[in-house]
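Dropping data_27.txt in here (compact mmCIF, C-alpha atoms):
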```
# COMPACT_ATOMS: atom_id res chain seq x y z
CA MET A 1 15.42 -4.54 -11.94
CA SER A 2 15.88 -7.15 -9.23
CA GLY A 3 13.51 -10.07 -8.88
CA ASP A 4 12.59 -9.34 -5.26
CA LYS A 5 10.69 -6.18 -6.25
CA PRO A 6 7.60 -7.19 -8.18
CA LYS A 7 6.72 -4.54 -10.71
CA TYR A 8 3.03 -4.64 -9.84
CA PRO A 9 2.61 -5.52 -6.17
CA GLY A 10 -0.47 -7.58 -5.42
CA LEU A 11 -0.51 -9.21 -8.84
CA PRO A 12 1.60 -12.06 -10.17
CA PRO A 13 4.99 -10.47 -10.79
CA LEU A 14 6.15 -9.94 -14.32
CA PRO A 15 9.40 -11.49 -15.44
CA PRO A 16 11.90 -8.87 -14.26
CA ASP A 17 13.69 -8.39 -17.55
CA PHE A 18 11.08 -7.01 -19.92
CA VAL A 19 8.66 -4.78 -18.08
CA SER A 20 10.24 -1.47 -18.84
CA ASP A 21 10.49 -2.08 -22.57
CA TYR A 22 7.37 -4.01 -23.53
CA PRO A 23 3.73 -3.83 -22.51
CA PRO A 24 2.55 -6.97 -20.71
CA LEU A 25 -0.03 -9.26 -22.32
CA ALA A 26 -1.94 -12.15 -20.78
CA LYS A 27 -1.24 -15.69 -21.96
CA VAL A 28 -2.75 -19.02 -20.95
CA VAL A 29 -0.46 -21.82 -19.80
CA GLU A 30 -2.43 -24.55 -21.53
CA ASP A 31 -1.27 -27.36 -19.21
CA ARG A 32 -2.87 -25.55 -16.29
CA CYS A 33 -6.16 -24.57 -17.97
CA ILE A 34 -9.18 -26.56 -16.77
CA ALA A 35 -11.55 -25.18 -19.44
CA CYS A 36 -13.92 -23.78 -16.78
CA ASP A 37 -14.86 -20.77 -18.98
CA ARG A 38 -14.72 -18.35 -16.04
CA CYS A 39 -12.28 -15.98 -17.72
CA LEU A 40 -14.44 -15.45 -20.80
CA PRO A 41 -17.17 -13.24 -19.32
CA LEU A 42 -14.62 -11.19 -17.40
CA CYS A 43 -12.71 -10.18 -20.52
CA PHE A 44 -14.07 -6.86 -21.67
CA PHE A 45 -12.00 -6.73 -24.79
CA ASP A 46 -13.14 -9.96 -26.46
CA ALA A 47 -9.56 -11.12 -26.23
CA LEU A 48 -10.36 -14.62 -24.96
CA TYR A 49 -11.97 -17.60 -26.61
CA MET A 50 -12.13 -21.35 -26.09
CA GLU A 51 -10.37 -23.57 -28.59
CA ASP A 52 -10.83 -27.29 -29.09
CA ARG A 53 -7.71 -29.21 -28.14
CA PRO A 54 -8.38 -32.96 -28.43
CA SER A 55 -5.03 -33.84 -26.87
CA HIS A 56 -5.75 -31.73 -23.74
CA PRO A 57 -7.24 -33.46 -20.65
CA TYR A 58 -10.27 -31.15 -20.87
CA ALA A 59 -10.36 -31.20 -24.69
CA ARG A 60 -10.61 -27.37 -24.73
CA VAL A 61 -8.41 -24.50 -23.59
CA ALA A 62 -8.75 -20.75 -23.21
CA VAL A 63 -6.73 -18.75 -25.72
CA VAL A 64 -5.74 -15.07 -25.60
CA VAL A 65 -5.85 -13.03 -28.81
CA PRO A 66 -2.74 -10.88 -28.41
CA ALA A 67 -4.00 -8.19 -30.78
CA ARG A 68 -7.07 -7.59 -28.62
CA CYS A 69 -5.58 -8.05 -25.14
CA THR A 70 -5.10 -4.76 -23.31
CA GLY A 71 -3.30 -6.33 -20.36
CA CYS A 72 -5.97 -5.23 -17.89
CA GLY A 73 -5.38 -8.17 -15.55
CA LEU A 74 -9.00 -9.24 -14.97
CA CYS A 75 -8.51 -12.76 -16.37
CA PHE A 76 -5.88 -13.35 -13.68
CA GLU A 77 -8.59 -12.62 -11.16
CA ALA A 78 -11.05 -14.99 -12.80
CA CYS A 79 -8.80 -18.02 -13.09
CA PRO A 80 -9.19 -20.52 -10.22
CA VAL A 81 -6.00 -22.38 -11.18
CA ASP A 82 -3.68 -19.46 -11.98
CA ALA A 83 -3.27 -20.48 -15.60
CA PHE A 84 -2.54 -16.94 -16.78
CA VAL A 85 0.95 -15.50 -17.07
CA TRP A 86 2.31 -12.22 -18.36
CA VAL A 87 4.23 -12.21 -21.61
CA PRO A 88 5.81 -9.23 -23.35
CA ASP A 89 3.98 -7.76 -26.33
CA THR A 90 6.91 -7.32 -28.67
CA ALA A 91 4.87 -6.10 -31.65
CA PRO A 92 6.52 -2.88 -32.90
CA LYS A 93 3.19 -1.04 -32.67
CA ALA A 94 2.86 -1.89 -28.99
CA ILE A 95 6.29 -0.51 -28.16
CA ALA A 96 5.58 2.69 -30.04
CA ASN A 97 2.47 3.21 -27.93
CA LYS A 98 4.36 3.62 -24.67
CA VAL A 99 3.29 6.76 -22.84
CA VAL A 100 5.36 8.30 -20.09
CA GLY A 101 3.23 10.28 -17.72
CA SER A 102 5.20 13.53 -17.63
CA SER A 103 2.17 15.47 -18.79
CA ALA A 104 0.26 13.83 -15.95
CA LYS A 105 2.58 15.45 -13.47
CA GLU A 106 2.29 18.89 -15.04
CA ASN A 107 -1.46 18.76 -14.97
CA HIS A 108 -1.46 17.43 -11.47
CA GLU A 109 0.54 20.36 -10.20
CA SER A 110 -1.26 23.06 -12.09
CA TYR A 111 -4.33 22.65 -9.88
CA MET B 112 -44.22 -3.30 -19.16
CA ALA B 113 -44.03 -1.89 -15.67
CA LEU B 114 -40.35 -1.11 -16.02
CA ASN B 115 -41.07 1.81 -18.37
CA THR B 116 -40.07 5.11 -16.90
CA THR B 117 -38.93 8.59 -17.82
CA PHE B 118 -35.86 10.53 -16.80
CA ALA B 119 -35.18 14.20 -17.50
CA GLY B 120 -37.28 13.99 -20.66
CA LEU B 121 -35.88 10.63 -21.82
CA THR B 122 -38.27 7.74 -22.33
CA LEU B 123 -36.84 4.51 -20.97
CA ARG B 124 -37.91 0.89 -21.18
CA SER B 125 -36.02 0.12 -17.96
CA PRO B 126 -34.61 2.19 -15.10
CA VAL B 127 -31.40 0.15 -15.27
CA TRP B 128 -28.55 1.74 -17.21
CA VAL B 129 -25.04 0.67 -18.00
CA GLY B 130 -22.72 3.05 -16.15
CA SER B 131 -19.78 4.73 -17.82
CA GLY B 132 -16.75 2.45 -17.86
CA PRO B 133 -15.16 -0.65 -19.34
CA ALA B 134 -18.57 -2.04 -20.36
CA SER B 135 -19.33 0.96 -22.58
CA HIS B 136 -16.19 1.72 -24.56
CA ASP B 137 -16.96 -0.33 -27.68
CA VAL B 138 -20.00 -0.31 -30.00
CA ASN B 139 -20.36 -4.08 -29.70
CA GLN B 140 -20.88 -3.73 -25.96
CA ILE B 141 -23.60 -1.18 -26.63
CA LYS B 142 -25.25 -3.79 -28.82
CA LEU B 143 -25.09 -6.31 -25.95
CA ALA B 144 -26.49 -3.71 -23.56
CA GLU B 145 -29.46 -3.13 -25.85
CA GLU B 146 -30.04 -6.85 -26.41
CA ASN B 147 -30.01 -7.50 -22.68
CA GLY B 148 -32.57 -4.83 -21.90
CA ALA B 149 -30.58 -1.83 -20.67
CA GLY B 150 -32.71 1.30 -20.24
CA ALA B 151 -29.85 3.46 -21.48
CA VAL B 152 -26.10 3.44 -21.63
CA VAL B 153 -23.59 5.99 -20.40
CA LEU B 154 -20.56 5.78 -22.67
CA LYS B 155 -17.01 5.65 -21.42
CA THR B 156 -15.73 9.10 -20.48
CA ALA B 157 -13.82 11.02 -23.14
CA CYS B 158 -11.07 13.32 -21.85
CA SER B 159 -10.18 16.66 -23.44
CA ASP B 160 -6.93 16.97 -25.37
CA ALA B 161 -5.26 18.54 -22.34
CA TYR B 162 -5.70 15.16 -20.65
CA ALA B 163 -4.78 13.10 -23.72
CA TYR B 164 -2.40 10.97 -21.63
CA MET B 165 -5.47 9.58 -19.85
CA ARG B 166 -6.41 7.85 -23.10
CA SER B 167 -3.52 5.47 -22.47
CA TRP B 168 -4.08 2.80 -19.88
CA PRO B 169 -1.55 1.19 -17.57
CA ARG B 170 -1.17 -2.59 -17.64
CA PRO B 171 -2.45 -4.29 -15.57
CA ARG B 172 -5.11 -2.01 -14.14
CA TYR B 173 -7.64 -4.20 -12.34
CA LYS B 174 -7.61 -6.16 -9.17
CA LEU B 175 -10.52 -7.82 -7.41
CA LEU B 176 -9.94 -7.53 -3.68
CA ASP B 177 -11.43 -10.04 -1.22
CA TRP B 178 -12.50 -12.01 -4.26
CA ASP B 179 -13.27 -15.69 -3.82
CA LYS B 180 -12.37 -17.40 -7.08
CA GLN B 181 -14.36 -20.47 -6.16
CA ILE B 182 -17.70 -18.68 -5.97
CA ALA B 183 -16.63 -15.98 -8.44
CA GLY B 184 -19.58 -13.82 -9.56
CA ARG B 185 -21.85 -15.11 -6.82
CA SER B 186 -19.65 -13.31 -4.33
CA LYS B 187 -21.42 -10.56 -2.40
CA ASN B 188 -18.28 -9.27 -0.77
CA PHE B 189 -15.56 -7.96 -3.00
CA SER B 190 -14.02 -4.72 -4.15
CA LEU B 191 -13.11 -3.81 -7.67
CA TYR B 192 -9.87 -1.86 -7.50
CA SER B 193 -8.94 -0.27 -10.78
CA TYR B 194 -6.78 2.24 -12.49
CA GLU B 195 -8.49 2.30 -15.84
CA GLN B 196 -8.51 5.70 -17.48
CA GLY B 197 -10.63 7.53 -20.04
CA TYR B 198 -11.92 6.56 -23.48
CA SER B 199 -8.89 5.33 -25.39
CA GLY B 200 -9.50 7.00 -28.76
CA SER B 201 -9.23 10.56 -30.03
CA LEU B 202 -12.12 12.98 -29.62
CA ASP B 203 -13.06 12.56 -33.29
CA ASP B 204 -13.16 8.84 -32.68
CA TYR B 205 -15.49 9.44 -29.72
CA TRP B 206 -17.94 11.51 -31.76
CA GLU B 207 -17.99 8.68 -34.31
CA PHE B 208 -18.50 6.20 -31.44
CA ILE B 209 -21.64 8.13 -30.42
CA ARG B 210 -22.89 8.28 -34.02
CA VAL B 211 -22.47 4.53 -34.55
CA CYS B 212 -24.16 3.74 -31.21
CA LYS B 213 -27.10 5.98 -32.08
CA LYS B 214 -27.46 4.54 -35.54
CA HIS B 215 -27.86 0.99 -34.29
CA THR B 216 -29.75 1.33 -31.02
CA VAL B 217 -33.16 2.45 -29.84
CA MET B 218 -32.31 3.09 -26.18
CA PRO B 219 -30.93 6.51 -25.22
CA VAL B 220 -27.17 6.91 -25.49
CA ILE B 221 -25.53 9.26 -23.00
CA GLY B 222 -22.12 10.78 -23.73
CA SER B 223 -19.68 11.33 -20.88
CA ILE B 224 -16.91 13.91 -20.84
CA PHE B 225 -14.12 15.24 -18.69
CA ALA B 226 -12.09 18.42 -19.27
CA GLY B 227 -10.27 21.16 -17.37
CA GLU B 228 -11.10 24.53 -18.91
CA ALA B 229 -14.73 25.66 -19.11
CA GLU B 230 -14.21 26.33 -22.81
CA ASP B 231 -13.27 22.68 -23.43
CA TRP B 232 -16.25 21.46 -21.43
CA GLY B 233 -18.59 23.59 -23.53
CA HIS B 234 -17.00 22.63 -26.84
CA MET B 235 -16.97 18.91 -26.10
CA ALA B 236 -20.57 19.00 -24.87
CA GLN B 237 -21.60 20.65 -28.14
CA LYS B 238 -19.87 17.92 -30.13
CA VAL B 239 -21.55 15.23 -28.02
CA GLU B 240 -24.93 16.78 -28.80
CA GLU B 241 -24.12 17.19 -32.51
CA SER B 242 -23.07 13.54 -32.67
CA GLY B 243 -26.57 12.57 -31.62
CA ALA B 244 -26.29 11.68 -27.93
CA ASP B 245 -29.58 11.86 -26.04
CA ALA B 246 -27.98 13.34 -22.94
CA ILE B 247 -24.58 14.14 -21.51
CA GLU B 248 -22.99 13.20 -18.21
CA LEU B 249 -20.25 15.39 -16.77
CA ASP B 250 -17.68 13.19 -15.09
CA ILE B 251 -16.48 15.82 -12.67
CA SER B 252 -15.69 13.32 -9.93
CA SER B 253 -13.67 10.47 -11.42
CA PRO B 254 -11.51 8.75 -8.83
CA HIS B 255 -8.70 8.98 -11.40
CA ARG B 256 -8.99 12.69 -12.09
CA PRO B 257 -5.68 14.47 -11.77
CA GLY B 258 -4.97 16.63 -8.76
CA SER B 259 -7.57 17.92 -6.40
CA ILE B 260 -9.75 19.99 -8.66
CA GLY B 261 -12.07 22.17 -6.59
CA PHE B 262 -15.79 21.71 -7.09
CA GLU B 263 -16.71 25.30 -6.38
CA THR B 264 -14.16 26.83 -8.72
CA THR B 265 -13.58 24.53 -11.68
CA PHE B 266 -16.77 22.55 -11.83
CA VAL B 267 -19.35 25.22 -11.26
CA SER B 268 -17.94 26.96 -14.32
CA ALA B 269 -17.92 23.63 -16.19
CA ILE B 270 -21.60 23.01 -15.45
CA LYS B 271 -22.43 26.58 -16.47
CA ALA B 272 -20.52 26.22 -19.75
CA VAL B 273 -22.16 22.91 -20.65
CA VAL B 274 -25.68 23.99 -19.72
CA ARG B 275 -25.20 27.06 -21.95
CA ALA B 276 -23.78 24.98 -24.81
CA VAL B 277 -26.39 22.21 -25.21
CA ARG B 278 -30.12 21.56 -25.21
CA ILE B 279 -29.93 17.86 -24.31
CA PRO B 280 -30.27 16.93 -20.62
CA VAL B 281 -27.11 17.49 -18.58
CA LEU B 282 -26.31 14.97 -15.84
CA VAL B 283 -23.65 15.83 -13.29
CA LYS B 284 -21.87 12.82 -11.83
CA LEU B 285 -20.78 13.60 -8.31
CA GLY B 286 -18.31 11.86 -6.05
CA PRO B 287 -19.23 10.28 -2.73
CA GLY B 288 -18.04 13.40 -0.93
CA PRO B 289 -17.41 15.91 0.40
CA ASP B 290 -20.84 17.42 0.96
CA VAL B 291 -22.78 15.62 -1.73
CA VAL B 292 -26.05 17.39 -0.89
CA GLN B 293 -24.53 20.84 -1.28
CA GLN B 294 -23.01 19.82 -4.62
CA CYS B 295 -26.42 18.53 -5.75
CA ILE B 296 -28.04 21.82 -4.79
CA THR B 297 -25.33 23.71 -6.68
CA ALA B 298 -25.74 21.49 -9.76
CA GLU B 299 -29.50 22.08 -9.74
CA ARG B 300 -29.05 25.82 -9.29
CA GLU B 301 -26.64 25.96 -12.24
CA GLY B 302 -29.17 24.31 -14.51
CA ALA B 303 -28.23 20.60 -14.46
CA SER B 304 -31.11 18.34 -15.53
CA ALA B 305 -30.11 15.52 -13.19
CA VAL B 306 -27.36 14.20 -10.95
CA SER B 307 -25.64 10.82 -10.94
CA LEU B 308 -24.78 9.61 -7.43
CA CYS B 309 -22.08 8.58 -6.81
CA ASN B 310 -18.83 7.97 -8.56
CA ARG B 311 -16.48 5.45 -7.02
CA MET B 312 -14.17 6.47 -4.23
CA ARG B 313 -10.47 6.92 -4.60
CA GLY B 314 -8.91 4.16 -2.51
CA LEU B 315 -5.65 2.46 -1.73
CA ASP B 316 -4.48 -1.03 -0.89
CA VAL B 317 -1.08 -2.30 0.21
CA ASP B 318 0.67 -5.57 -0.58
CA THR B 319 2.24 -6.66 2.71
CA GLU B 320 4.72 -9.03 1.03
CA SER B 321 6.45 -6.34 -0.98
CA GLN B 322 5.33 -3.62 1.47
CA ARG B 323 4.20 -1.39 -1.38
CA PRO B 324 0.90 0.01 -2.59
CA ILE B 325 -0.67 -2.43 -5.06
CA LEU B 326 -0.71 -2.07 -8.83
CA HIS B 327 1.18 1.02 -9.94
CA GLY B 328 1.71 2.56 -6.56
CA TYR B 329 -1.03 5.15 -6.95
CA PHE B 330 -4.58 5.44 -5.63
CA GLY B 331 -7.21 3.47 -7.53
CA GLY B 332 -10.94 3.79 -7.98
CA ILE B 333 -12.63 1.44 -5.57
CA GLY B 334 -16.17 0.13 -5.47
CA GLY B 335 -18.16 -3.01 -4.87
CA PRO B 336 -21.38 -4.32 -3.38
CA TRP B 337 -20.60 -2.72 -0.01
CA ALA B 338 -20.50 0.75 -1.58
CA LYS B 339 -24.28 0.83 -2.09
CA TYR B 340 -24.93 1.56 1.58
CA TYR B 341 -23.00 4.83 1.39
CA THR B 342 -24.62 5.80 -1.88
CA MET B 343 -28.10 5.02 -0.55
CA ARG B 344 -27.55 7.53 2.19
CA HIS B 345 -26.38 10.15 -0.31
CA VAL B 346 -29.33 9.44 -2.62
CA ALA B 347 -31.78 9.75 0.28
CA GLU B 348 -30.30 13.05 1.43
CA ALA B 349 -30.16 14.42 -2.11
CA ALA B 350 -33.71 13.33 -2.93
CA ARG B 351 -34.95 15.46 -0.04
CA ALA B 352 -32.91 18.48 -1.10
CA ILE B 353 -33.34 18.70 -4.87
CA SER B 354 -36.17 18.30 -7.34
CA ILE B 355 -34.14 17.21 -10.40
CA PRO B 356 -34.01 13.43 -10.92
CA ILE B 357 -31.26 11.25 -9.50
CA SER B 358 -29.49 8.42 -11.32
CA ALA B 359 -28.06 6.23 -8.57
CA THR B 360 -24.94 4.19 -9.11
CA GLY B 361 -22.84 2.08 -6.79
CA GLY B 362 -22.70 -1.54 -5.71
CA VAL B 363 -25.85 -2.78 -7.45
CA MET B 364 -25.80 -6.57 -7.74
CA SER B 365 -29.51 -7.42 -7.93
CA GLY B 366 -32.98 -6.17 -8.74
CA GLU B 367 -33.53 -5.71 -5.03
CA ASP B 368 -30.68 -3.19 -4.89
CA VAL B 369 -32.33 -1.26 -7.74
CA ILE B 370 -35.67 -1.26 -5.89
CA LYS B 371 -33.92 0.07 -2.77
CA TYR B 372 -32.47 3.00 -4.68
CA ILE B 373 -35.85 3.76 -6.23
CA LEU B 374 -37.56 3.58 -2.83
CA LEU B 375 -35.02 6.18 -1.71
CA GLY B 376 -35.96 8.54 -4.54
CA ALA B 377 -33.67 7.58 -7.42
CA SER B 378 -35.23 7.60 -10.89
CA THR B 379 -32.71 5.37 -12.61
CA VAL B 380 -29.87 3.12 -11.49
CA GLN B 381 -26.56 2.52 -13.22
CA ILE B 382 -24.79 -0.83 -12.97
CA LEU B 383 -21.28 -1.83 -13.93
CA SER B 384 -19.31 -4.04 -11.53
CA VAL B 385 -22.00 -6.72 -11.72
CA ILE B 386 -21.66 -6.84 -15.51
CA LEU B 387 -17.93 -7.09 -15.13
CA VAL B 388 -18.03 -10.04 -12.74
CA ASN B 389 -21.22 -11.76 -13.93
CA GLY B 390 -21.51 -10.87 -17.59
CA TRP B 391 -24.23 -9.17 -19.62
CA LYS B 392 -26.90 -11.62 -18.51
CA SER B 393 -26.90 -9.67 -15.21
CA MET B 394 -28.75 -6.85 -16.95
CA LYS B 395 -31.51 -9.20 -18.01
CA ARG B 396 -31.63 -10.87 -14.59
CA ILE B 397 -31.90 -7.56 -12.75
CA ASN B 398 -34.76 -6.41 -14.99
CA THR B 399 -36.56 -9.71 -14.38
CA GLU B 400 -36.08 -9.38 -10.62
CA ILE B 401 -37.53 -5.86 -10.62
CA ASP B 402 -40.47 -7.06 -12.69
CA ALA B 403 -41.10 -9.94 -10.30
CA TYR B 404 -41.03 -7.58 -7.31
CA LEU B 405 -43.52 -5.19 -8.88
CA GLU B 406 -45.77 -8.10 -9.79
CA ARG B 407 -45.60 -9.63 -6.30
CA LYS B 408 -46.35 -6.29 -4.62
CA GLY B 409 -49.05 -5.39 -7.10
CA ILE B 410 -47.31 -2.23 -8.20
CA GLY B 411 -48.20 -0.83 -11.62
CA THR B 412 -45.37 1.61 -12.23
CA LEU B 413 -42.09 2.55 -10.64
CA GLU B 414 -43.46 6.06 -10.05
CA GLU B 415 -45.76 4.61 -7.39
CA ILE B 416 -42.89 3.56 -5.17
CA ARG B 417 -40.33 6.22 -6.00
CA GLY B 418 -39.15 7.81 -2.77
CA ARG B 419 -41.58 5.80 -0.65
CA ALA B 420 -38.91 4.84 1.90
CA LEU B 421 -38.03 8.52 2.32
CA LYS B 422 -41.37 9.08 4.01
CA THR B 423 -40.28 6.92 6.92
CA LEU B 424 -36.73 8.23 7.04
CA THR B 425 -36.80 9.82 10.49
CA ASP B 426 -34.97 12.58 12.28
CA PRO B 427 -32.85 11.57 15.28
CA GLU B 428 -35.15 13.50 17.60
CA GLU B 429 -38.04 11.25 16.66
CA ILE B 430 -36.32 7.98 17.44
CA VAL B 431 -37.76 6.37 20.60
CA ARG B 432 -34.98 5.66 23.05
CA TRP B 433 -34.87 3.51 26.17
CA SER B 434 -32.19 3.51 28.75
CA GLY B 435 -31.01 -0.07 29.22
CA GLU B 436 -29.66 0.52 32.65
CA PRO B 437 -30.19 2.80 35.62
CA LEU B 438 -28.67 6.21 34.96
CA THR B 439 -26.37 5.76 37.91
CA GLY B 440 -25.47 3.05 40.42
CA SER B 441 -23.93 -0.40 40.10
CA ARG B 442 -22.18 0.34 36.79
CA ASN B 443 -19.60 2.32 38.68
CA VAL B 444 -18.98 -0.26 41.42
CA TRP B 445 -15.60 -1.98 40.82
CA ARG B 446 -15.79 -5.67 41.69
```

When written as structure tokens, how does the structure in this file appear?
Amino acid sequence: MSGDKPKYPGLPPLPPDFVSDYPPLAKVVEDRCIACDRCLPLCFFDALYMEDRPSHPYARVAVVVPARCTGCGLCFEACPVDAFVWVPDTAPKAIANKVVGSSAKENHESY
Amino acid sequence: MALNTTFAGLTLRSPVWVGSGPASHDVNQIKLAEENGAGAVVLKTACSDAYAYMRSWPRPRYKLLDWDKQIAGRSKNFSLYSYEQGYSGSLDDYWEFIRVCKKHTVMPVIGSIFAGEAEDWGHMAQKVEESGADAIELDISSPHRPGSIGFETTFVSAIKAVVRAVRIPVLVKLGPGPDVVQQCITAEREGASAVSLCNRMRGLDVDTESQRPILHGYFGGIGGPWAKYYTMRHVAEAARAISIPISATGGVMSGEDVIKYILLGASTVQILSVILVNGWKSMKRINTEIDAYLERKGIGTLEEIRGRALKTLTDPEEIVRWSGEPLTGSRNVWR
């Protein structure tokens, strides 16, 4: 896949090399996080929490729990400093869960 | 408390419910709903096995359009564009979900289902009732439903099958069109206990940089604060045409929005986007705002004001009109 075609138009593009094989997960770039807490209430999967980080300018950062993140994208919308990025979920379980929507097409056309 | 009300035989401590969606797919959210004063909760919609693929969700699947990150949840102008699908577990998991919710909460818990064949609708409704749900909502109008399933053919038979299969109240959730009033009348005729108005619309947005539809290139469900004005019209029209109660849903951000729906004849109001963007405290805030309104206006119960605004909803013939200009003359003189 070429870099000039973002996989999900309108959202920050995923790195072009992994999208077809791995489900995307959210991750916080800690250097960018301003510890504003705005992403926490928007996460409906309890996949975000604040962690103390004494060395960080704001002493706290948002952290994504990969096991709970469903890649919905809402935290990207909450973040005023674009601290979220997509990373591939390479856990074997995640890859096994890939669903190709062929049955979607069949059902679509049967009505 | 003045917020107490009843709905199709259910006793409620508040008219404000959590609508079916991402805020009602996990038992811990149901706990939060109860703690924050929800009148009831409509669980995330479970799809029949024929639509099992809808239990898997694309990533990402949400985008907030026209969203100002600086004012965030205080924004009154945004759209939630989403391609989230049905309840992500198996049907057995869903029945267990209902049982756990019922075991730990006092407020009514309403199951929500979607299927294709009438037989599946009936069977799933039965299981929802057996699992202990207080009512059932038929999600016949999801913006994500596959194809263009006809209301008159598929869904009339679905309503019939469910009404035959269960004794708990049956709510039919209708889309914002076409012909909402006629669908309400049909739902009432087929024995539905109530209608939920309205589901979100199916929308589309385009990214001009890549010149492609956003997200996954397919239509998304779209709603937001602006959507309430369309739903208010549908609620008003329906309230005049049917006698079963209406649960209004769409664009509610404040207690005032809830009051508006009730003044137009709704019995309960479902909220969701506001919880998504402002958190669970919104539920508490909205209840407080309704309470304050009732107090300020000296109103004892919600029944007193239900449908009050309908009485002054006029017909076009009764609107007083004035011509602003002479009927003929200088308007047609080219200078």

Q: Go through B:Gly390, B:Gly314, B:Gly150, B:Gly362 and flag the residue nearest chain A, using only C-alpha atoms for the distances.
A: B:Gly390

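For the atom pair formed by atom CA of B:Arg311 and atom CA of A:Phe84, the distance is 28.1 Å, given to one decimal.
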
(Q) What's the separation between atom CA of B:Lys339 and atom CA of B:Thr319, in Å to one decimal place? (A)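 Straight-line distance from atom CA of B:Lys339 to atom CA of B:Thr319 works out to 28.0 Å.
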
Q) When the cut-off is 6 Å and we count only C-alpha atoms, which residues of chain B are near chain A, given as a ChimeraX atom specification? A) /B:170-173,180,257-258,318,325-327,387-388,390

May I have the selected residues written with C-alpha atoms, as a PDB file, keeping the file's coordinate frame?
```
ATOM      1  CA  ARG B 170      -1.170  -2.590 -17.640  1.00  0.00           C
ATOM      2  CA  PRO B 171      -2.450  -4.290 -15.570  1.00  0.00           C
ATOM      3  CA  ARG B 172      -5.110  -2.010 -14.140  1.00  0.00           C
ATOM      4  CA  TYR B 173      -7.640  -4.200 -12.340  1.00  0.00           C
ATOM      5  CA  LYS B 180     -12.370 -17.400  -7.080  1.00  0.00           C
ATOM      6  CA  PRO B 257      -5.680  14.470 -11.770  1.00  0.00           C
ATOM      7  CA  GLY B 258      -4.970  16.630  -8.760  1.00  0.00           C
ATOM      8  CA  ASP B 318       0.670  -5.570  -0.580  1.00  0.00           C
ATOM      9  CA  ILE B 325      -0.670  -2.430  -5.060  1.00  0.00           C
ATOM     10  CA  LEU B 326      -0.710  -2.070  -8.830  1.00  0.00           C
ATOM     11  CA  HIS B 327       1.180   1.020  -9.940  1.00  0.00           C
ATOM     12  CA  LEU B 387     -17.930  -7.090 -15.130  1.00  0.00           C
ATOM     13  CA  VAL B 388     -18.030 -10.040 -12.740  1.00  0.00           C
ATOM     14  CA  GLY B 390     -21.510 -10.870 -17.590  1.00  0.00           C
TER      15      GLY B 390
END
```

Q | Straight-line distance linking atom CA of B:Gly130 with atom CA of B:Glu241, stated in Å to one decimal | A | 21.7 Å

Can you report as lines of an AutoDock Vina configuration file the centre and edge lengths in Å, to one decimal, of an axis-aligned box around the listed atoms of stretch 46-54 of chain A padded with 3 Å on each side?
```
center_x = -10.4
center_y = -21.5
center_z = -27.0
size_x = 11.4
size_y = 29.0
size_z = 10.1
```

Incomplete stretch 27-37 of chain A filled out to N, CA and C atoms as an mmCIF file, keeping the file's coordinate frame:
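Writing the result to selection.cif gives the following:
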```cif
data_model
loop_
_atom_site.group_PDB
_atom_site.id
_atom_site.type_symbol
_atom_site.label_atom_id
_atom_site.label_comp_id
_atom_site.auth_asym_id
_atom_site.auth_seq_id
_atom_site.Cartn_x
_atom_site.Cartn_y
_atom_site.Cartn_z
ATOM 1 N N LYS A 27 -1.362 -14.456 -21.161
ATOM 2 C CA LYS A 27 -1.240 -15.690 -21.960
ATOM 3 C C LYS A 27 -1.674 -16.859 -21.080
ATOM 4 N N VAL A 28 -2.296 -17.853 -21.702
ATOM 5 C CA VAL A 28 -2.750 -19.020 -20.950
ATOM 6 C C VAL A 28 -1.685 -20.118 -21.009
ATOM 7 N N VAL A 29 -1.311 -20.632 -19.834
ATOM 8 C CA VAL A 29 -0.460 -21.820 -19.800
ATOM 9 C C VAL A 29 -1.413 -23.010 -19.990
ATOM 10 N N GLU A 30 -1.383 -23.590 -21.154
ATOM 11 C CA GLU A 30 -2.430 -24.550 -21.530
ATOM 12 C C GLU A 30 -2.470 -25.773 -20.612
ATOM 13 N N ASP A 31 -1.299 -26.190 -20.106
ATOM 14 C CA ASP A 31 -1.270 -27.360 -19.210
ATOM 15 C C ASP A 31 -2.069 -27.113 -17.936
ATOM 16 N N ARG A 32 -2.172 -25.852 -17.544
ATOM 17 C CA ARG A 32 -2.870 -25.550 -16.290
ATOM 18 C C ARG A 32 -4.368 -25.323 -16.505
ATOM 19 N N CYS A 33 -4.766 -24.940 -17.706
ATOM 20 C CA CYS A 33 -6.160 -24.570 -17.970
ATOM 21 C C CYS A 33 -7.095 -25.766 -17.754
ATOM 22 N N ILE A 34 -8.209 -25.490 -17.016
ATOM 23 C CA ILE A 34 -9.180 -26.560 -16.770
ATOM 24 C C ILE A 34 -10.478 -26.335 -17.568
ATOM 25 N N ALA A 35 -10.421 -25.431 -18.535
ATOM 26 C CA ALA A 35 -11.550 -25.180 -19.440
ATOM 27 C C ALA A 35 -12.848 -24.860 -18.686
ATOM 28 N N CYS A 36 -12.732 -24.069 -17.604
ATOM 29 C CA CYS A 36 -13.920 -23.780 -16.780
ATOM 30 C C CYS A 36 -14.727 -22.612 -17.349
ATOM 31 N N ASP A 37 -14.164 -21.879 -18.309
ATOM 32 C CA ASP A 37 -14.860 -20.770 -18.980
ATOM 33 C C ASP A 37 -15.016 -19.519 -18.126
#
```
